[in-house]
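Structure, as structure tokens:
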Amino acid sequence: MENLSQASTVETVTCPFCGLLCDDLSVDRDSSGNLNVIENGCAKSITFFGRPVVTPSPRIAGKPVELKAAIAKAAEILGAAKQPLFSGLGTEVYGMRAVMNLAESTNATLDHMNSNGFMRNIQVVQNSGWLITTLTEVKNRMDLLVIVGTDIVSIFPRFFEREVWNKETMYGQDTSKREIVYLGGRDLDTSAGISPDGRKPEVLPCDMDKLPDVVSALRAIVLGKKLHATEVAGIAVADLEKLAQRMKAAKYSVTTWAAGTLAFPQAELTVQNVTELVKVLNKDTRAAGLPLGGIEGDMNANQVCTWISGYPMRTSYARSFPEHDSYHFSTDRQLSSNEADALFWVSSFNPDRTPPATNIPTVVFAHAQMKLEKEPEVFIPVGLPGADHRGIAFRSDNVVSLPLQQLRNSTLPTLAEVFSAIELTITNSALVASEDK
Amino acid sequence: MLIKLTGGKVYDPAHGIDGKIMDIYILDGRIAEKPRDDARIDKEYNLTGQIVMAGAIDMHTHIGGGKVNIARTLLPEDHRMDPVAHTALMRAGCGHVVPSTLTTGYRYAEMGYTAGFEPAVLPMNARQGHLEMGDIPIIDKGGYVMLGNDDLFLRMLAAKKDQNAINDYVAWTMDAAQAIGVKVVNAGGINAFKFNQRMLDLDENNVNYNVTPREVLKTLSRAMYELGVAHPLHVHGQNLGVPGNIITTLNTMAGVEGYPLHLTHIQFHSYGTEGDRKFSSGAAQIAEAINKYPNVSVDVGQIMFGQTVTASGDSMSQHRNSGLATPNKWVCMDIECDNGCGVVPFKYRDQNFVNALQWAIGLEIFLLVEDPWRIFLTTDHPNGAPFTSYPHLIKLLMDKTYRKEVFASINLDAQALSTLASIDREYSLYEIAIMTRAGAAKLVGLHDRGHLGVGGAADITVYSEHADQEIMFAKPAYVFKDGELVVKDGNIVKVTWGGTHVVKPDFDRSIEKEISKYFDSFHTMKMEHSKVSKGEIEGDGRGKLLVHEAKGRREKTA
Ligand code: SF4
Ligand SMILES: [Zn+2]
């Protein structure tokens, strides 16, 4: 067993900070456990791994306390709540399993901090399904990449390096010939789409709130309809027709979007136009969609919640069996309607994702560096998965999951430990209560 | 803890015991010899008038992994109709066609099942498969890892690599994915679909590698034999659901030079093209072939009328059938240059000609295959129907009067094309015990399960005799898992956690150098990270790896 308290370089580290889960990083560790990405990082991973080690104490009402006391207080708040809300849920698989167990035994409602985006995709699956692909397929077979409403790199910094301009493919494809089209959005950073030999991507810009019109026009054209207009949201219909032709001619076009960036009303209908368009292409050629996600553990939360409860995020055990409603059980709605009367907020990857403003009793389980504007009833710093402790995370494509390594010793508890301890406290006190009767 | 099960009527086909009144002793989770007369019995169950069998084993059931979770995501409306509330013993969840993991375990146990095997573990999704199975309580689990559509295997085959190299790769994959068998789905066809081929018959070339399904099947079935893996190559054949696919299926049986072969959900591969609608039953010919080839075994994949969802690795066939989706939504995926998947909801209707005939074909096959050791009771959960329909299926097999009654109520054109009404065979309890216990354990390679001999694991199911077999098999009087009483009168009384059955055939570890290089060039993760470790299965203190013997026979055919 390697000594995690000594300075050393760790290789083939998995990075949990975006849905790519790159697992080729080299990370230096000093004797205090500070980490520094020295190879195969990106700006994001360098920042996230590079935060200096701090180990604040848990707090109750701002006062430092022992972990045990904080757990007891959290259990007390939960025990007193009629309709607790577990939200944020930025954690890995084992953490999420413990979250599910506690939610199940305390009739809690579950939502993830990125659900506003993710639910757009879920609604499309629940409504019409889709035909999608995974990263290794993209890396080896994609010949045309259509990027809808995002530059990709601001969320997935190494996407082009790893899956588009890779040197080798299984089938001897010359990747520098891959075609890249950005559809929609303004002032995107499209530099990553320039091929290694300097060929510029095609960019068809439009305002984000006009994207629905553009995508539905493209779908209509792919379906063989003739449009009467000559332009849609500033994009020439001729250009859309050309794009449709390219998609039909491609052997494996991949159309990608990041549901989180489609921040306009009823964006799920735009996602659906994309996915239905991809289905149509597959009547004659091969094509696939590629939803991009996997930030702050949203895939982990959804996957685990789905196999344990049967439903994705926005599921509630309020009536002691799981019920799912993507509107009613959203964090915003649970808080604004005053239905939730206690908030458990989890953000173990990112100290900047603080809980929403609320006056109900709040317990925060967070990255040790989190700074809060308003001190919650209880604050419990937890370990960073993939640095302070081991774990498992799902990648953006929702198929591949990778082990997260422990890179240093840490005195911080894991989220799974803390949630399991709270559950034990509650079941024990329930036992005592029933014996008293 | 010494437990005595007194005076039950025992069906233990592994030992030729057919309804004999016997006592069974359980000591520390295992079946034990009769103790000395003065030994203290800690607990005795009087089983007079009751039927005792080993715990049932489902050798093909989709209970864990990516496509199961996709199916769950796809069908919230189905879950809503079957909510499962929290109890003092059991956690909440939901049921019907794709139950949540916890509910899956409870419901299997409540039906007297003590093990279930996930037949479609993708190497690139194996971790998820085991994570989900890790949340299935009580029953034992295991998986067959999917090969034969992955680029590396097809590449090796195209390069005419020698069988030893292939065997090493197969064994490495089984080890990495923690599998007990290997399954091939639409051999080479899932891959071919990625290159826009829409069908791939047994002797048709995958355009990209110029290898045929026949070559894939021959090579992989030989690998299983030479590695000493007890479970034969598990084959989901070409042309699933296509009228006329019976020819392909018959050729597949004949095409592997006598190596052991298990053809799964054979019902979906037994279709002829006779009659006005060019869709007919091939059951008689299929059964005749099974009777003829001793190296072939099958499970049926019986369909039942009602709503279900089909979840399969066969993206080519699922995409072809996506137009039939009810409700009208479906998911297909291309996965990691490794595999694929397709999830299509289905509603089988008794007045629909095709569905009614499918139902009849499945039953015809059950009744026409002579050797119950080579045919297994499945609905290919959830593809033909959810596993909770097994008691009903058993009744259809055991009660010809009832069967004929149901038959008389289905689509008339389908009736006209089926011989079911003329088949009088009724399965005996002994034969049911073979299909669902002794035979299944032997097929999967579980030496200490599926029987009631001394030393075997005390996975035992006790039924109260009832004239209606559906009632009898739905709610066992007692179920013991590893010697612990987990079910009484069809209800869970204790929640335990089962293990994960695997085999670990020997292979030359130096092959990892090549595989690792291959991953670095083409994949999007490191080879090391694709492996599911023992710690991942056992780390939470619930799971356990149960390793079965695989004695290589490689030298024989070197
Ligand atoms: S691209 Fe994403 S996964 Fe890769 S190193 Fe950067 S943040 Fe980490
Ligand atoms: Zn199956």
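Letters A, B, ... mark the chains of the structure tokens in the order given; residue numbers begin at 1 per chain; ligand numbers begin at 1, in order shown.
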For this session: List every residue of segment 232-371 of chain A that DSSP, applied to the backbone of this structure, places in strand (DSSP E or B), and write the result as JSON, numbers by chain.
Result: {"A": [232, 235, 236, 252, 253, 254, 255, 256, 257, 286, 287, 288, 289, 290, 291, 315, 316, 323, 324, 342, 343, 344, 345, 346, 347, 362, 363, 364, 365, 366, 367]}
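Neighbouring residues of Ser128 of chain A at 9 Å or closer, counting only C-alpha atoms and skipping chain neighbours under 4 positions away, are Gln123, Val124, Gln272, Thr275 and Glu276 of chain A; Leu74, Pro327, Asn328, Lys329, Trp330 and Val331 of chain B.
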Taking the backbone alone, and naming residues the way the document does, which bits of segment 163-340 of chain A are alpha helix (DSSP H) by DSSP, as a ChimeraX atom specification? /A:211-222,237-249,267-281,298-309,331-336
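The residue that comes closest to ligand 1, out of B:Met525, B:Ala56, B:Ser533, B:Pro476 and on the basis of only C-alpha atoms and all ligand atoms, is B:Met525.
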If we count only C-alpha atoms and set the cut-off at 12 Å, which residues sit around Lys167 of chain A, ignoring sequence neighbours fewer than 4 positions away in its own chain? Please answer as a PyMOL selection string. (chain A and resi 139-140+160-163+171-178+195-196) or (chain B and resi 520-522)
All residues 12 Å or closer to Gly255 of chain B, only C-alpha atoms, same chain fewer than 4 positions away omitted, as a list in words: Leu202, Asp203, Thr212, Pro213, Arg214, Glu215, Val216, Leu217, Lys218, Thr219, Ser221, Arg222, Ile247, Thr248, Thr249, Leu250, Asn251, Tyr259, Pro260, Leu261, Tyr293, Asn295 and Val296 of chain B
Mind checking which residues fall within 10 Å of Leu443 of chain B, counting only C-alpha atoms, ignoring those fewer than 2 positions away in the same chain, and posting them as an MDAnalysis selection string?
-> chainID B and resid 59 230:232 262 297 373:376 437:441 445:447
What does the file look like for those residues with all heavy atoms, as a short mmCIF file (atom, residue, chain, number, x, y, z; two decimals), in the first residue's frame?
```
data_model
loop_
_atom_site.label_atom_id
_atom_site.label_comp_id
_atom_site.auth_asym_id
_atom_site.auth_seq_id
_atom_site.Cartn_x
_atom_site.Cartn_y
_atom_site.Cartn_z
N MET B 59 -31.64 -18.40 -14.81
CA MET B 59 -30.35 -18.34 -15.51
C MET B 59 -30.29 -17.26 -16.59
O MET B 59 -29.26 -17.10 -17.23
CB MET B 59 -29.96 -19.73 -16.06
CG MET B 59 -31.01 -20.52 -16.81
SD MET B 59 -31.52 -19.76 -18.35
CE MET B 59 -29.96 -19.88 -19.21
N ALA B 230 -17.78 -23.66 -17.24
CA ALA B 230 -18.88 -24.62 -17.25
C ALA B 230 -20.03 -24.13 -18.14
O ALA B 230 -20.63 -24.91 -18.88
CB ALA B 230 -19.39 -24.83 -15.83
N HIS B 231 -20.33 -22.87 -18.07
CA HIS B 231 -21.46 -22.37 -18.85
C HIS B 231 -21.06 -22.29 -20.32
O HIS B 231 -20.11 -21.63 -20.68
CB HIS B 231 -21.87 -21.00 -18.34
CG HIS B 231 -23.15 -20.50 -18.96
ND1 HIS B 231 -24.25 -21.31 -19.10
CD2 HIS B 231 -23.49 -19.31 -19.50
CE1 HIS B 231 -25.22 -20.62 -19.69
NE2 HIS B 231 -24.79 -19.42 -19.95
N PRO B 232 -21.83 -22.96 -21.18
CA PRO B 232 -21.50 -22.90 -22.60
C PRO B 232 -21.67 -21.47 -23.12
O PRO B 232 -22.29 -20.65 -22.47
CB PRO B 232 -22.54 -23.82 -23.26
CG PRO B 232 -23.44 -24.31 -22.20
CD PRO B 232 -23.04 -23.72 -20.89
N HIS B 262 -25.42 -22.57 -25.75
CA HIS B 262 -26.73 -22.29 -25.16
C HIS B 262 -27.42 -21.20 -25.98
O HIS B 262 -26.92 -20.09 -26.08
CB HIS B 262 -26.61 -21.83 -23.71
CG HIS B 262 -27.95 -21.53 -23.10
ND1 HIS B 262 -28.75 -22.52 -22.57
CD2 HIS B 262 -28.66 -20.38 -23.02
CE1 HIS B 262 -29.90 -21.97 -22.16
NE2 HIS B 262 -29.87 -20.67 -22.43
N SER B 297 -28.29 -26.40 -25.58
CA SER B 297 -29.34 -26.17 -24.59
C SER B 297 -30.02 -24.85 -24.95
O SER B 297 -29.47 -24.05 -25.71
CB SER B 297 -28.74 -26.10 -23.18
OG SER B 297 -27.76 -25.07 -23.12
N TRP B 373 -33.27 -31.23 -18.87
CA TRP B 373 -31.95 -30.73 -18.44
C TRP B 373 -31.38 -29.74 -19.45
O TRP B 373 -30.37 -29.11 -19.19
CB TRP B 373 -30.97 -31.89 -18.26
CG TRP B 373 -31.29 -32.76 -17.09
CD1 TRP B 373 -32.10 -33.86 -17.08
CD2 TRP B 373 -30.84 -32.59 -15.74
NE1 TRP B 373 -32.17 -34.39 -15.81
CE2 TRP B 373 -31.40 -33.64 -14.97
CE3 TRP B 373 -30.00 -31.67 -15.11
CZ2 TRP B 373 -31.15 -33.79 -13.61
CZ3 TRP B 373 -29.75 -31.81 -13.75
CH2 TRP B 373 -30.32 -32.86 -13.01
N ARG B 374 -32.00 -29.67 -20.61
CA ARG B 374 -31.43 -28.78 -21.64
C ARG B 374 -32.40 -27.69 -22.08
O ARG B 374 -32.22 -27.05 -23.10
CB ARG B 374 -30.96 -29.62 -22.84
CG ARG B 374 -29.74 -30.48 -22.50
CD ARG B 374 -29.07 -31.04 -23.73
NE ARG B 374 -29.85 -32.08 -24.37
CZ ARG B 374 -30.32 -32.00 -25.62
NH1 ARG B 374 -30.08 -30.93 -26.36
NH2 ARG B 374 -31.03 -32.99 -26.12
N ILE B 375 -33.44 -27.47 -21.30
CA ILE B 375 -34.36 -26.37 -21.61
C ILE B 375 -34.72 -25.67 -20.30
O ILE B 375 -34.89 -26.32 -19.27
CB ILE B 375 -35.62 -26.87 -22.35
CG1 ILE B 375 -36.50 -25.69 -22.76
CG2 ILE B 375 -36.40 -27.88 -21.52
CD1 ILE B 375 -37.56 -26.05 -23.78
N PHE B 376 -34.78 -24.35 -20.34
CA PHE B 376 -34.91 -23.58 -19.10
C PHE B 376 -36.07 -22.61 -19.17
O PHE B 376 -36.40 -22.09 -20.23
CB PHE B 376 -33.59 -22.87 -18.80
CG PHE B 376 -32.48 -23.86 -18.64
CD1 PHE B 376 -31.70 -24.23 -19.73
CD2 PHE B 376 -32.29 -24.51 -17.44
CE1 PHE B 376 -30.73 -25.21 -19.62
CE2 PHE B 376 -31.32 -25.50 -17.30
CZ PHE B 376 -30.53 -25.84 -18.39
N ARG B 437 -34.01 -25.57 -11.22
CA ARG B 437 -33.01 -25.77 -10.15
C ARG B 437 -31.80 -26.55 -10.64
O ARG B 437 -30.79 -25.95 -11.02
CB ARG B 437 -33.61 -26.56 -8.97
CG ARG B 437 -34.37 -25.77 -8.00
CD ARG B 437 -35.80 -25.57 -8.31
NE ARG B 437 -36.44 -24.93 -7.17
CZ ARG B 437 -37.60 -24.33 -7.21
NH1 ARG B 437 -38.30 -24.30 -8.35
NH2 ARG B 437 -38.10 -23.75 -6.14
N ALA B 438 -31.95 -27.87 -10.64
CA ALA B 438 -30.79 -28.73 -10.89
C ALA B 438 -30.14 -28.45 -12.24
O ALA B 438 -28.93 -28.30 -12.34
CB ALA B 438 -31.21 -30.19 -10.79
N GLY B 439 -30.98 -28.35 -13.26
CA GLY B 439 -30.45 -28.12 -14.60
C GLY B 439 -29.82 -26.74 -14.71
O GLY B 439 -28.74 -26.57 -15.29
N ALA B 440 -30.49 -25.75 -14.14
CA ALA B 440 -29.98 -24.38 -14.22
C ALA B 440 -28.63 -24.27 -13.52
O ALA B 440 -27.71 -23.63 -14.02
CB ALA B 440 -30.99 -23.40 -13.63
N ALA B 441 -28.52 -24.89 -12.33
CA ALA B 441 -27.25 -24.83 -11.59
C ALA B 441 -26.14 -25.50 -12.39
O ALA B 441 -25.02 -24.99 -12.48
CB ALA B 441 -27.40 -25.50 -10.23
N GLY B 445 -22.97 -23.64 -13.88
CA GLY B 445 -21.72 -24.08 -13.26
C GLY B 445 -21.65 -23.80 -11.78
O GLY B 445 -20.59 -23.50 -11.23
N LEU B 446 -22.81 -23.89 -11.11
CA LEU B 446 -22.86 -23.66 -9.66
C LEU B 446 -22.83 -25.02 -8.99
O LEU B 446 -23.85 -25.69 -8.90
CB LEU B 446 -24.15 -22.92 -9.29
CG LEU B 446 -24.48 -21.68 -10.11
CD1 LEU B 446 -25.87 -21.17 -9.75
CD2 LEU B 446 -23.43 -20.60 -9.91
N HIS B 447 -21.67 -25.43 -8.51
CA HIS B 447 -21.56 -26.80 -8.00
C HIS B 447 -22.35 -27.00 -6.71
O HIS B 447 -22.80 -28.09 -6.40
CB HIS B 447 -20.10 -27.17 -7.78
CG HIS B 447 -19.44 -26.36 -6.70
ND1 HIS B 447 -19.00 -25.08 -6.91
CD2 HIS B 447 -19.21 -26.64 -5.40
CE1 HIS B 447 -18.50 -24.60 -5.78
NE2 HIS B 447 -18.62 -25.52 -4.84
#
```
Around ligand 1, at most 6 Å away and counting only C-alpha atoms and all ligand atoms, which residues are there? Put them as a tab-separated table (two decimals) with all heavy atoms, in the first residue's frame, please.
```tsv
chain	number	residue	atom	x	y	z
A	15	CYS	N	-10.10	12.31	-13.07
A	15	CYS	CA	-10.56	13.64	-12.68
A	15	CYS	C	-12.08	13.69	-12.66
A	15	CYS	O	-12.71	13.41	-13.68
A	15	CYS	CB	-10.02	14.67	-13.67
A	15	CYS	SG	-10.78	16.29	-13.46
A	16	PRO	N	-12.68	14.01	-11.53
A	16	PRO	CA	-14.15	13.98	-11.45
A	16	PRO	C	-14.83	15.33	-11.72
A	16	PRO	O	-15.99	15.48	-11.41
A	16	PRO	CB	-14.37	13.56	-9.99
A	16	PRO	CG	-13.23	14.19	-9.25
A	16	PRO	CD	-12.07	14.29	-10.21
A	17	PHE	N	-14.10	16.27	-12.31
A	17	PHE	CA	-14.65	17.62	-12.34
A	17	PHE	C	-15.44	17.98	-13.59
A	17	PHE	O	-15.99	19.06	-13.70
A	17	PHE	CB	-13.54	18.63	-12.06
A	17	PHE	CG	-12.90	18.40	-10.72
A	17	PHE	CD1	-11.56	18.08	-10.61
A	17	PHE	CD2	-13.68	18.44	-9.56
A	17	PHE	CE1	-10.99	17.83	-9.36
A	17	PHE	CE2	-13.13	18.19	-8.32
A	17	PHE	CZ	-11.78	17.89	-8.22
A	18	CYS	N	-15.47	17.09	-14.57
A	18	CYS	CA	-16.49	17.24	-15.61
A	18	CYS	C	-16.83	15.86	-16.14
A	18	CYS	O	-16.17	14.87	-15.80
A	18	CYS	CB	-16.06	18.20	-16.72
A	18	CYS	SG	-15.11	17.45	-18.06
A	20	LEU	N	-16.25	14.21	-18.66
A	20	LEU	CA	-15.32	13.41	-19.45
A	20	LEU	C	-14.59	12.38	-18.60
A	20	LEU	O	-14.13	11.37	-19.12
A	20	LEU	CB	-14.27	14.31	-20.12
A	20	LEU	CG	-14.74	15.21	-21.26
A	20	LEU	CD1	-13.53	15.87	-21.92
A	20	LEU	CD2	-15.51	14.43	-22.30
A	21	LEU	N	-14.45	12.66	-17.31
A	21	LEU	CA	-13.70	11.78	-16.41
A	21	LEU	C	-12.38	11.33	-17.02
A	21	LEU	O	-12.09	10.13	-17.09
A	21	LEU	CB	-14.53	10.54	-16.03
A	21	LEU	CG	-15.79	10.75	-15.21
A	21	LEU	CD1	-16.41	9.39	-14.88
A	21	LEU	CD2	-15.53	11.51	-13.92
A	22	CYS	N	-11.59	12.28	-17.49
A	22	CYS	CA	-10.26	11.94	-18.00
A	22	CYS	C	-9.53	11.16	-16.91
A	22	CYS	O	-9.56	11.54	-15.74
A	22	CYS	CB	-9.45	13.20	-18.30
A	22	CYS	SG	-10.28	14.33	-19.42
A	41	GLY	N	-3.75	17.92	-17.52
A	41	GLY	CA	-4.83	18.65	-16.85
A	41	GLY	C	-5.49	19.63	-17.81
A	41	GLY	O	-5.21	19.66	-19.01
A	42	CYS	N	-6.40	20.39	-17.27
A	42	CYS	CA	-6.99	21.50	-18.00
A	42	CYS	C	-7.18	22.58	-16.93
A	42	CYS	O	-6.99	22.31	-15.75
A	42	CYS	CB	-8.31	21.10	-18.62
A	42	CYS	SG	-9.55	20.72	-17.38
A	44	LYS	N	-9.69	23.70	-15.56
A	44	LYS	CA	-10.65	23.32	-14.54
A	44	LYS	C	-10.05	22.31	-13.53
A	44	LYS	O	-10.16	22.49	-12.33
A	44	LYS	CB	-11.84	22.68	-15.25
A	44	LYS	CG	-13.09	22.62	-14.46
A	44	LYS	CD	-14.24	22.26	-15.40
A	44	LYS	CE	-15.53	22.12	-14.67
A	44	LYS	NZ	-16.65	21.95	-15.62
A	45	SER	N	-9.41	21.29	-14.05
A	45	SER	CA	-8.87	20.27	-13.14
A	45	SER	C	-7.74	20.85	-12.31
A	45	SER	O	-7.56	20.48	-11.15
A	45	SER	CB	-8.41	19.04	-13.90
A	45	SER	OG	-7.52	19.40	-14.94
A	156	PHE	N	-16.50	21.17	-20.95
A	156	PHE	CA	-15.66	19.98	-21.10
A	156	PHE	C	-14.35	20.39	-21.76
A	156	PHE	O	-14.17	20.20	-22.96
A	156	PHE	CB	-16.34	18.96	-22.01
A	156	PHE	CG	-17.48	18.22	-21.40
A	156	PHE	CD1	-17.93	18.51	-20.13
A	156	PHE	CD2	-18.10	17.20	-22.10
A	156	PHE	CE1	-18.98	17.81	-19.57
A	156	PHE	CE2	-19.16	16.50	-21.56
A	156	PHE	CZ	-19.60	16.80	-20.29
A	157	PRO	N	-13.41	20.93	-21.00
A	157	PRO	CA	-12.23	21.54	-21.60
A	157	PRO	C	-11.46	20.64	-22.57
A	157	PRO	O	-10.95	21.11	-23.57
A	157	PRO	CB	-11.37	21.90	-20.38
A	157	PRO	CG	-12.36	22.07	-19.26
A	157	PRO	CD	-13.45	21.09	-19.54
A	158	ARG	N	-11.36	19.35	-22.29
A	158	ARG	CA	-10.48	18.50	-23.13
A	158	ARG	C	-11.26	17.70	-24.18
A	158	ARG	O	-10.73	16.76	-24.77
A	158	ARG	CB	-9.67	17.56	-22.24
A	158	ARG	CG	-8.69	18.30	-21.33
A	158	ARG	CD	-7.93	17.34	-20.43
A	158	ARG	NE	-7.04	16.45	-21.19
A	158	ARG	CZ	-6.54	15.32	-20.70
A	158	ARG	NH1	-6.85	14.92	-19.48
A	158	ARG	NH2	-5.75	14.56	-21.45
```
Distance limit 12 Å, reference ligand 2, atoms considered: only C-alpha atoms and all ligand atoms. Which residues make the cut? Give them as JSON, numbers by chain. {"B": [58, 59, 60, 61, 62, 63, 64, 67, 68, 117, 118, 119, 120, 121, 143, 144, 146, 183, 184, 185, 186, 234, 235, 236, 237, 240, 263, 264, 265, 266, 267, 268, 299, 300, 301, 302, 309, 310, 311, 312, 313, 314, 341, 342, 343, 378, 379, 380, 381, 382, 383, 384, 385, 386, 387]}
Checklist entry - Given a cut-off of 8 Å, which residues of chain B touch chain A, counting only C-alpha atoms, written out as an MDAnalysis selection string? => result chainID B and resid 66 69 72:76 79:80 83:86 91:94 99:102 124:125 127:128 132 135 151 194:196 328:337 521:526 529:530
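Of the listed residues (A:Val271, A:Val378, A:Met299, A:Leu89), A:Val378 comes nearest to Ser57 of chain A; the distances count only C-alpha atoms.
Between atom CA of Leu200 of chain B and atom CA of Met253 of chain B the interatomic distance comes to 16.7 Å.
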